[in-house]
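What's in my_file14.txt: compact mmCIF, C-alpha atoms and all ligand atoms
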```txt
# COMPACT_ATOMS: atom_id res chain seq x y z
CA MET A 1 3.77 19.99 -51.24
CA THR A 2 1.87 17.79 -48.84
CA GLU A 3 3.21 14.36 -48.09
CA MET A 4 0.45 11.75 -48.21
CA LEU A 5 2.41 8.54 -47.81
CA ARG A 6 5.93 7.70 -46.70
CA LEU A 7 7.34 4.21 -46.46
CA GLU A 8 10.61 3.84 -44.62
CA GLY A 9 12.44 0.55 -44.90
CA LEU A 10 9.17 -1.34 -45.20
CA VAL A 11 9.69 -5.08 -44.70
CA LYS A 12 7.06 -7.82 -44.95
CA ARG A 13 7.72 -11.44 -44.14
CA PHE A 14 5.44 -14.44 -44.36
CA ASP A 15 7.18 -16.98 -42.13
CA ASP A 16 10.58 -17.50 -43.72
CA LEU A 17 9.73 -15.71 -46.92
CA GLU A 18 10.77 -12.06 -47.02
CA VAL A 19 8.49 -10.53 -49.63
CA LEU A 20 9.28 -6.84 -49.15
CA LYS A 21 12.93 -6.18 -48.39
CA GLY A 22 13.07 -2.55 -47.38
CA ILE A 23 10.89 -0.26 -49.46
CA ASP A 24 11.43 3.50 -49.26
CA LEU A 25 8.84 5.61 -50.99
CA THR A 26 7.35 9.06 -50.51
CA VAL A 27 4.15 10.04 -52.31
CA GLN A 28 2.99 13.66 -52.45
CA LYS A 29 -0.63 14.76 -52.56
CA GLY A 30 -2.02 14.50 -56.07
CA GLU A 31 0.73 12.22 -57.35
CA THR A 32 -0.04 9.14 -59.40
CA ILE A 33 2.42 6.31 -58.92
CA VAL A 34 2.36 3.17 -61.06
CA LEU A 35 3.97 0.02 -59.67
CA LEU A 36 5.22 -2.55 -62.14
CA GLY A 37 6.95 -5.83 -61.55
CA ALA A 38 6.88 -9.52 -62.35
CA SER A 39 4.38 -11.84 -60.72
CA GLY A 40 5.43 -12.49 -57.14
CA SER A 41 7.64 -9.39 -56.89
CA GLY A 42 5.50 -8.04 -54.02
CA LYS A 43 3.23 -5.44 -55.66
CA SER A 44 0.00 -6.59 -53.99
CA THR A 45 1.76 -7.08 -50.68
CA LEU A 46 3.06 -3.52 -50.86
CA LEU A 47 -0.44 -2.12 -51.46
CA ARG A 48 -1.89 -4.32 -48.72
CA CYS A 49 0.68 -2.98 -46.26
CA VAL A 50 -0.27 0.60 -47.17
CA ASN A 51 -3.87 0.08 -46.10
CA PHE A 52 -2.93 -2.36 -43.34
CA MET A 53 -4.71 -5.38 -44.68
CA GLU A 54 -1.27 -6.79 -43.93
CA VAL A 55 0.70 -5.58 -40.96
CA PRO A 56 4.31 -4.74 -41.86
CA SER A 57 7.04 -6.88 -40.30
CA GLY A 58 9.50 -4.00 -40.17
CA GLY A 59 10.01 -0.40 -41.18
CA ARG A 60 7.49 2.35 -40.89
CA VAL A 61 4.44 3.63 -42.74
CA HIS A 62 3.52 7.32 -42.42
CA LEU A 63 0.12 8.39 -43.67
CA MET A 64 -0.68 12.07 -44.04
CA GLY A 65 2.51 12.86 -42.12
CA GLU A 66 1.66 10.64 -39.12
CA PRO A 67 3.46 7.39 -38.33
CA VAL A 68 1.09 4.43 -38.08
CA GLY A 69 1.48 2.10 -35.12
CA ARG A 70 2.94 2.68 -31.71
CA ASP A 71 6.61 2.66 -30.89
CA GLY A 72 7.12 0.06 -28.23
CA ARG A 73 10.25 -0.17 -26.17
CA GLY A 74 13.22 -0.84 -28.39
CA ALA A 75 12.52 -1.04 -32.10
CA ALA A 76 9.23 -2.96 -31.93
CA ILE A 77 6.20 -1.23 -33.38
CA SER A 78 2.77 -2.47 -32.39
CA TYR A 79 -0.46 -2.10 -34.31
CA SER A 80 -3.83 -2.29 -32.64
CA GLU A 81 -6.90 -3.17 -34.66
CA ARG A 82 -8.66 -0.17 -33.14
CA ASP A 83 -6.04 2.18 -34.56
CA LEU A 84 -6.06 0.49 -37.96
CA VAL A 85 -9.79 0.79 -38.67
CA PRO A 86 -9.67 4.58 -39.23
CA ILE A 87 -6.48 4.17 -41.30
CA ARG A 88 -8.21 1.72 -43.63
CA ALA A 89 -11.05 4.21 -44.05
CA ARG A 90 -8.59 6.84 -45.28
CA VAL A 91 -6.95 4.56 -47.82
CA GLY A 92 -9.35 3.23 -50.45
CA MET A 93 -8.57 0.06 -52.34
CA VAL A 94 -9.94 -1.47 -55.52
CA PHE A 95 -9.03 -5.05 -56.44
CA GLN A 96 -9.05 -7.22 -59.49
CA HIS A 97 -12.21 -8.96 -58.30
CA PHE A 98 -14.76 -6.39 -57.30
CA ASN A 99 -16.55 -8.48 -54.65
CA LEU A 100 -19.73 -6.44 -54.57
CA PHE A 101 -22.32 -7.82 -52.17
CA PRO A 102 -24.65 -9.78 -54.47
CA HIS A 103 -27.67 -9.46 -52.18
CA MET A 104 -27.49 -5.65 -52.09
CA THR A 105 -28.38 -3.19 -54.81
CA VAL A 106 -25.69 -1.01 -56.33
CA LEU A 107 -26.77 1.89 -54.11
CA GLN A 108 -26.73 -0.26 -50.96
CA ASN A 109 -23.26 -1.54 -51.85
CA VAL A 110 -21.90 2.00 -52.06
CA MET A 111 -23.70 3.09 -48.86
CA GLU A 112 -22.39 0.18 -46.83
CA GLY A 113 -18.92 1.51 -45.89
CA PRO A 114 -20.09 4.98 -44.84
CA ARG A 115 -22.84 3.34 -42.77
CA THR A 116 -20.97 0.57 -41.02
CA VAL A 117 -17.43 1.95 -40.85
CA LEU A 118 -18.01 5.69 -40.60
CA GLY A 119 -21.40 5.42 -38.85
CA LEU A 120 -22.90 8.26 -40.88
CA PRO A 121 -26.65 8.86 -40.88
CA ARG A 122 -28.57 6.99 -43.54
CA SER A 123 -29.55 10.10 -45.52
CA GLU A 124 -25.94 11.23 -45.71
CA CYS A 125 -24.79 7.77 -46.80
CA GLU A 126 -27.36 7.77 -49.56
CA ALA A 127 -26.40 11.26 -50.72
CA ARG A 128 -22.74 10.24 -50.82
CA ALA A 129 -23.50 7.01 -52.62
CA ARG A 130 -25.51 8.83 -55.30
CA LYS A 131 -22.79 11.45 -55.68
CA TYR A 132 -20.07 8.89 -56.32
CA LEU A 133 -22.24 6.69 -58.51
CA ASP A 134 -22.91 9.78 -60.63
CA LYS A 135 -19.20 10.44 -60.68
CA VAL A 136 -18.46 7.04 -62.23
CA GLY A 137 -21.39 7.48 -64.60
CA LEU A 138 -23.66 4.91 -62.96
CA GLY A 139 -26.22 6.96 -61.07
CA TRP A 140 -28.83 5.41 -63.36
CA LYS A 141 -27.95 1.92 -62.10
CA ALA A 142 -28.46 2.74 -58.41
CA ASP A 143 -31.31 0.26 -57.98
CA ALA A 144 -29.82 -2.52 -60.09
CA TRP A 145 -28.37 -5.75 -58.72
CA PRO A 146 -24.64 -6.21 -59.25
CA SER A 147 -25.21 -9.40 -61.25
CA HIS A 148 -27.18 -7.39 -63.80
CA LEU A 149 -24.21 -5.13 -64.57
CA SER A 150 -21.33 -5.70 -66.96
CA GLY A 151 -17.92 -6.41 -65.45
CA GLY A 152 -16.77 -2.89 -66.29
CA GLN A 153 -19.83 -1.39 -64.62
CA GLN A 154 -19.31 -3.58 -61.55
CA GLN A 155 -15.74 -2.39 -61.30
CA ARG A 156 -16.89 1.25 -61.58
CA VAL A 157 -19.34 0.57 -58.72
CA ALA A 158 -16.42 -0.83 -56.73
CA ILE A 159 -14.57 2.43 -57.41
CA ALA A 160 -17.62 4.46 -56.28
CA ARG A 161 -17.80 2.29 -53.18
CA ALA A 162 -14.18 3.11 -52.33
CA LEU A 163 -14.70 6.82 -53.12
CA ALA A 164 -17.77 7.00 -50.87
CA MET A 165 -15.43 6.68 -47.90
CA GLU A 166 -13.79 9.90 -49.16
CA PRO A 167 -10.30 8.42 -48.78
CA GLU A 168 -7.16 10.47 -49.05
CA ILE A 169 -5.33 7.89 -51.13
CA MET A 170 -6.66 5.29 -53.53
CA LEU A 171 -4.91 2.01 -54.28
CA PHE A 172 -5.70 0.02 -57.42
CA ASP A 173 -4.48 -3.57 -57.67
CA GLU A 174 -4.85 -4.80 -61.25
CA ALA A 175 -8.34 -3.32 -61.36
CA THR A 176 -8.81 -4.24 -65.01
CA SER A 177 -7.07 -7.63 -65.19
CA ALA A 178 -10.25 -9.67 -64.81
CA LEU A 179 -12.21 -7.70 -67.39
CA ASP A 180 -12.96 -8.55 -70.99
CA PRO A 181 -10.73 -6.38 -73.19
CA GLU A 182 -13.60 -4.23 -74.43
CA LEU A 183 -14.51 -3.26 -70.86
CA VAL A 184 -11.04 -2.20 -69.77
CA GLY A 185 -11.18 1.28 -71.29
CA GLU A 186 -14.16 2.57 -69.30
CA VAL A 187 -12.50 1.60 -66.01
CA LEU A 188 -9.14 3.11 -66.99
CA ASP A 189 -10.95 6.31 -68.03
CA THR A 190 -12.56 6.47 -64.58
CA ILE A 191 -9.18 6.05 -62.89
CA LYS A 192 -7.64 8.67 -65.20
CA GLU A 193 -10.35 11.15 -64.21
CA LEU A 194 -9.46 10.67 -60.55
CA ALA A 195 -5.82 11.32 -61.35
CA ASP A 196 -6.71 14.46 -63.31
CA GLU A 197 -8.78 15.72 -60.38
CA GLY A 198 -5.77 15.48 -58.10
CA MET A 199 -6.53 12.30 -56.16
CA THR A 200 -3.40 10.60 -54.83
CA LEU A 201 -3.13 7.21 -56.52
CA LEU A 202 -0.97 4.12 -56.19
CA ILE A 203 -1.72 1.81 -59.09
CA VAL A 204 -0.60 -1.71 -59.98
CA THR A 205 -1.39 -2.36 -63.62
CA HIS A 206 -0.13 -4.24 -66.63
CA GLU A 207 -1.66 -1.67 -68.97
CA LEU A 208 1.55 0.03 -69.96
CA GLY A 209 0.00 2.56 -72.33
CA PHE A 210 -2.26 3.65 -69.50
CA ALA A 211 0.69 3.73 -67.09
CA TYR A 212 2.56 5.96 -69.51
CA THR A 213 -0.36 8.38 -69.74
CA VAL A 214 -1.42 8.52 -66.12
CA ALA A 215 1.74 8.13 -64.04
CA ASP A 216 3.82 10.91 -62.59
CA ARG A 217 6.29 8.24 -61.52
CA VAL A 218 6.74 4.58 -62.39
CA LEU A 219 8.38 2.15 -59.97
CA PHE A 220 9.70 -1.23 -61.01
CA LEU A 221 9.65 -3.74 -58.20
CA SER A 222 11.89 -6.79 -58.28
CA ALA A 223 12.01 -9.43 -55.55
CA GLY A 224 10.71 -7.06 -52.91
CA ARG A 225 12.90 -4.08 -53.76
CA ILE A 226 12.41 -1.00 -55.91
CA LEU A 227 14.90 -1.72 -58.64
CA GLU A 228 14.22 1.32 -60.78
CA GLU A 229 12.03 4.40 -60.66
CA GLY A 230 11.53 7.53 -62.65
CA ARG A 231 9.21 9.42 -64.95
CA PRO A 232 7.16 7.17 -67.25
CA GLU A 233 9.23 8.07 -70.29
CA GLU A 234 12.38 7.08 -68.41
CA VAL A 235 11.25 3.75 -66.99
CA LEU A 236 8.95 2.68 -69.85
CA LEU A 237 10.89 3.92 -72.85
CA ALA A 238 14.50 3.94 -71.67
CA PRO A 239 14.79 1.55 -68.71
CA ARG A 240 18.28 1.33 -67.23
CA GLU A 241 18.03 -2.07 -65.58
CA GLU A 242 18.22 -5.31 -67.49
CA GLN A 243 15.29 -6.76 -65.52
CA THR A 244 13.07 -3.81 -66.34
CA GLN A 245 14.03 -4.13 -70.00
CA SER A 246 13.22 -7.81 -70.00
CA PHE A 247 9.88 -7.23 -68.21
CA LEU A 248 8.90 -4.64 -70.80
CA ARG A 249 9.97 -6.92 -73.66
CA GLY A 250 7.68 -9.56 -72.17
CA HIS A 251 4.81 -7.11 -72.48
CA GLY A 252 5.60 -6.56 -76.13
CA ARG A 253 4.27 -3.50 -77.83
CA PHE A 254 2.16 -0.97 -76.06
CA ARG A 255 0.30 1.98 -77.39
CA LEU A 256 1.42 5.45 -76.52
CA PRO A 257 -1.21 8.15 -76.69
CA GLU A 258 -1.47 9.73 -80.15
CA THR A 259 1.43 7.78 -81.60
CA PRO A 260 1.58 4.46 -83.38
CA ALA A 261 2.38 1.39 -81.33
CA GLN A 262 5.75 1.74 -79.64
CA GLU A 263 8.24 -1.01 -80.28
CA GLN A 264 10.16 -1.98 -77.18
CA ALA A 265 13.85 -2.54 -77.79
N1 LIG A 301 -0.59 -14.27 -47.12
C1 LIG A 301 0.53 -14.79 -47.64
N2 LIG A 301 1.15 -15.82 -47.06
C2 LIG A 301 2.30 -16.34 -47.59
N3 LIG A 301 2.89 -15.86 -48.69
C3 LIG A 301 2.32 -14.82 -49.31
C4 LIG A 301 1.10 -14.23 -48.83
N4 LIG A 301 0.78 -13.20 -49.66
C5 LIG A 301 1.73 -13.18 -50.61
N5 LIG A 301 2.66 -14.15 -50.41
C6 LIG A 301 3.84 -14.38 -51.25
O1 LIG A 301 4.53 -13.16 -51.40
C7 LIG A 301 5.09 -13.04 -52.69
C8 LIG A 301 4.61 -11.75 -53.33
O2 LIG A 301 3.22 -11.83 -53.57
P1 LIG A 301 2.39 -10.63 -54.17
O3 LIG A 301 0.99 -11.09 -54.25
O4 LIG A 301 2.67 -9.39 -53.40
O5 LIG A 301 3.04 -10.49 -55.61
P2 LIG A 301 2.55 -9.62 -56.85
O6 LIG A 301 3.72 -8.83 -57.30
O7 LIG A 301 1.31 -8.88 -56.51
O8 LIG A 301 2.26 -10.74 -57.95
P3 LIG A 301 1.11 -10.82 -59.09
O9 LIG A 301 1.62 -9.96 -60.24
O10 LIG A 301 1.06 -12.27 -59.45
O11 LIG A 301 -0.16 -10.30 -58.51
C9 LIG A 301 4.69 -14.30 -53.43
O12 LIG A 301 5.76 -15.20 -53.36
C10 LIG A 301 3.50 -14.81 -52.64
O13 LIG A 301 3.38 -16.19 -52.76
MG MG A 302 -0.65 -8.95 -57.18
```
Represent the structure of the file as structure tokens.
Ligand SMILES: Nc1ncnc2c1ncn2[C@@H]1O[C@H](COP(=O)(O)OP(=O)(O)OP(=O)(O)O)[C@@H](O)[C@H]1O
Ligand SMILES: [Mg+2]
Amino acid sequence: MTEMLRLEGLVKRFDDLEVLKGIDLTVQKGETIVLLGASGSGKSTLLRCVNFMEVPSGGRVHLMGEPVGRDGRGAAISYSERDLVPIRARVGMVFQHFNLFPHMTVLQNVMEGPRTVLGLPRSECEARARKYLDKVGLGWKADAWPSHLSGGQQQRVAIARALAMEPEIMLFDEATSALDPELVGEVLDTIKELADEGMTLLIVTHELGFAYTVADRVLFLSAGRILEEGRPEEVLLAPREEQTQSFLRGHGRFRLPETPAQEQA
């Protein structure tokens, strides 16, 4: 097994507010982890600390076996922007709002990261961009403007854009929450394909049926701590903690693959 990500006592504070209160998590290569939790429990903050859009206030992040940040004297760990740029390139992230550049074609959007962050030659960027657009089934839209695509297609372009960096881990933060219901499936299918191909994934989603199908492990976050974790059938069908039970009740029924809708107790 190859360890891709290890969080040790990860703490994140915004002024007086402690949002993450000591998260310990190890993710192996090829694992798919789904993070659940109520609004404000710290799911987005956790993902943002993994790709260093937010700098942790305490604890340690190890990526691909290497600790991120320098050990200062005493316990202080310092992060330099120069060290974080390559880290961000190795951890891809897809958000609820796809934020494609409206003045660039689909192809240009996907080429942008490899060009500006990785500094690859133009021909290589284009080859990569076409490869990953094909992968998400949108090679035929390479020359389109983002505004001419459906929301689901735009989100698949955003996935191709993240993949074009050839990251070692992909983070998804409610990637389908802003989509019309009929467009959710195509994006979930794309994410599922990545999971099946062995990409390491950390996913925040409210699509519990999808979580059940795709996850190797489900974590339930509550007030900045992992309250419960286990296999999807444990956490989603037989949660131990009252808060997890209540969260799942709030989400009502969800569809399990190839079974009728599952009634949550
Ligand atoms: N940049 C920030 N400055 C101050 N507080 C923040 C910041 N980012 C997040 N918070 C606070 O941290 C807490 C956790 O936020 P976070 O976005 O991680 O929750 P979440 O679990 O992703 O919620 P949701 O399901 O609504 O997306 C919230 O109380 C939020 O207001
Ligand atoms: Mg969030």
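Of note, atom CA of A:Gly58 and atom CA of A:Met1 are spaced 27.0 Å apart.
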Could you produce a table of the residues of chain A lying within 9 Å of ligand MG 302 (chain A), with the nearest pair of atoms per residue and their separation in Å rounded to one decimal, using only C-alpha atoms and all ligand atoms, ordered by chain and increasing residue number, as a Markdown table?
```
| residue | atom | partner | partner_atom | distance |
| --- | --- | --- | --- | --- |
| A:Ser39 | CA | A:MG302 | MG | 6.8 |
| A:Gly40 | CA | A:MG302 | MG | 7.0 |
| A:Ser41 | CA | A:MG302 | MG | 8.3 |
| A:Gly42 | CA | A:MG302 | MG | 7.0 |
| A:Lys43 | CA | A:MG302 | MG | 5.4 |
| A:Ser44 | CA | A:MG302 | MG | 4.0 |
| A:Thr45 | CA | A:MG302 | MG | 7.2 |
| A:Leu47 | CA | A:MG302 | MG | 8.9 |
| A:Gln96 | CA | A:MG302 | MG | 8.9 |
| A:Asp173 | CA | A:MG302 | MG | 6.6 |
| A:Glu174 | CA | A:MG302 | MG | 7.2 |
| A:Val204 | CA | A:MG302 | MG | 7.8 |
```
Generate the output file for the selected residues, C-alpha atoms, as an mmCIF file, keeping the file's coordinate frame.
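Printed below is part-v9.cif as written:
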```
data_model
loop_
_atom_site.group_PDB
_atom_site.id
_atom_site.type_symbol
_atom_site.label_atom_id
_atom_site.label_comp_id
_atom_site.auth_asym_id
_atom_site.auth_seq_id
_atom_site.Cartn_x
_atom_site.Cartn_y
_atom_site.Cartn_z
ATOM 1 C CA SER A 39 4.380 -11.840 -60.720
ATOM 2 C CA GLY A 40 5.430 -12.490 -57.140
ATOM 3 C CA SER A 41 7.640 -9.390 -56.890
ATOM 4 C CA GLY A 42 5.500 -8.040 -54.020
ATOM 5 C CA LYS A 43 3.230 -5.440 -55.660
ATOM 6 C CA SER A 44 0.000 -6.590 -53.990
ATOM 7 C CA THR A 45 1.760 -7.080 -50.680
ATOM 8 C CA LEU A 47 -0.440 -2.120 -51.460
ATOM 9 C CA GLN A 96 -9.050 -7.220 -59.490
ATOM 10 C CA ASP A 173 -4.480 -3.570 -57.670
ATOM 11 C CA GLU A 174 -4.850 -4.800 -61.250
ATOM 12 C CA VAL A 204 -0.600 -1.710 -59.980
#
```
Counting all atoms listed in the file, which protein, DNA or RNA residues come within 12 Å of ligand LIG 301 (chain A), given as a VMD selection string?
chain A and resid 11 to 21 35 to 49 53 to 56 95 to 96 172 to 175 177 to 178 203 to 206 220 to 226 247
Test item: residues at most 8 Å from A:Gly198, all atoms listed in the file, excluding those fewer than 6 positions along its chain, as a PyMOL selection string
chain A and resi 29-31
Output C-alpha atoms of each residue in that selection to a file, as a short mmCIF file (atom, residue, chain, number, x, y, z; two decimals), keeping the file's coordinate frame.
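Output file part_16.cif follows:
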```cif
data_model
loop_
_atom_site.label_atom_id
_atom_site.label_comp_id
_atom_site.auth_asym_id
_atom_site.auth_seq_id
_atom_site.Cartn_x
_atom_site.Cartn_y
_atom_site.Cartn_z
CA LYS A 29 -0.63 14.76 -52.56
CA GLY A 30 -2.02 14.50 -56.07
CA GLU A 31 0.73 12.22 -57.35
#
```
Long-range neighbours of A:Val235 as a PyMOL selection string, 10 Å cut-off, only C-alpha atoms, 5 positions minimum in chain
chain A and resi 36+212+217-220+228-230+240-241+244-245+248
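Proximity to A:Ala129 was assessed for A:Leu25, A:Val117, A:Met165, A:Leu7 counting only C-alpha atoms; the smallest distance is recorded for A:Met165.
Of the residues listed (A:Arg90, A:Arg70, A:Arg6, A:Lys135), A:Lys135 shows the shortest atom-to-atom separation from A:Leu194; distances use all atoms listed in the file.
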Using all atoms listed in the file, which of the listed residues (A:Asp83, A:Glu233, A:Asp196, A:Glu166) sits closest to A:Ala211?
A:Glu233
Please measure the separation of atom CA of A:Glu234 and atom CA of A:Leu188, giving the value in Å to one decimal.
21.9 Å
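When all atoms listed in the file are used to compute distances to A:Gly119, the closest of the residues A:Ile169, A:Leu138, A:Ala89, A:Leu5 turns out to be A:Ala89.
Using all atoms listed in the file for every distance, the candidate list A:His97, A:Arg161, A:Gly152, A:Leu120 yields A:Gly152 as the residue closest to A:Asp189.
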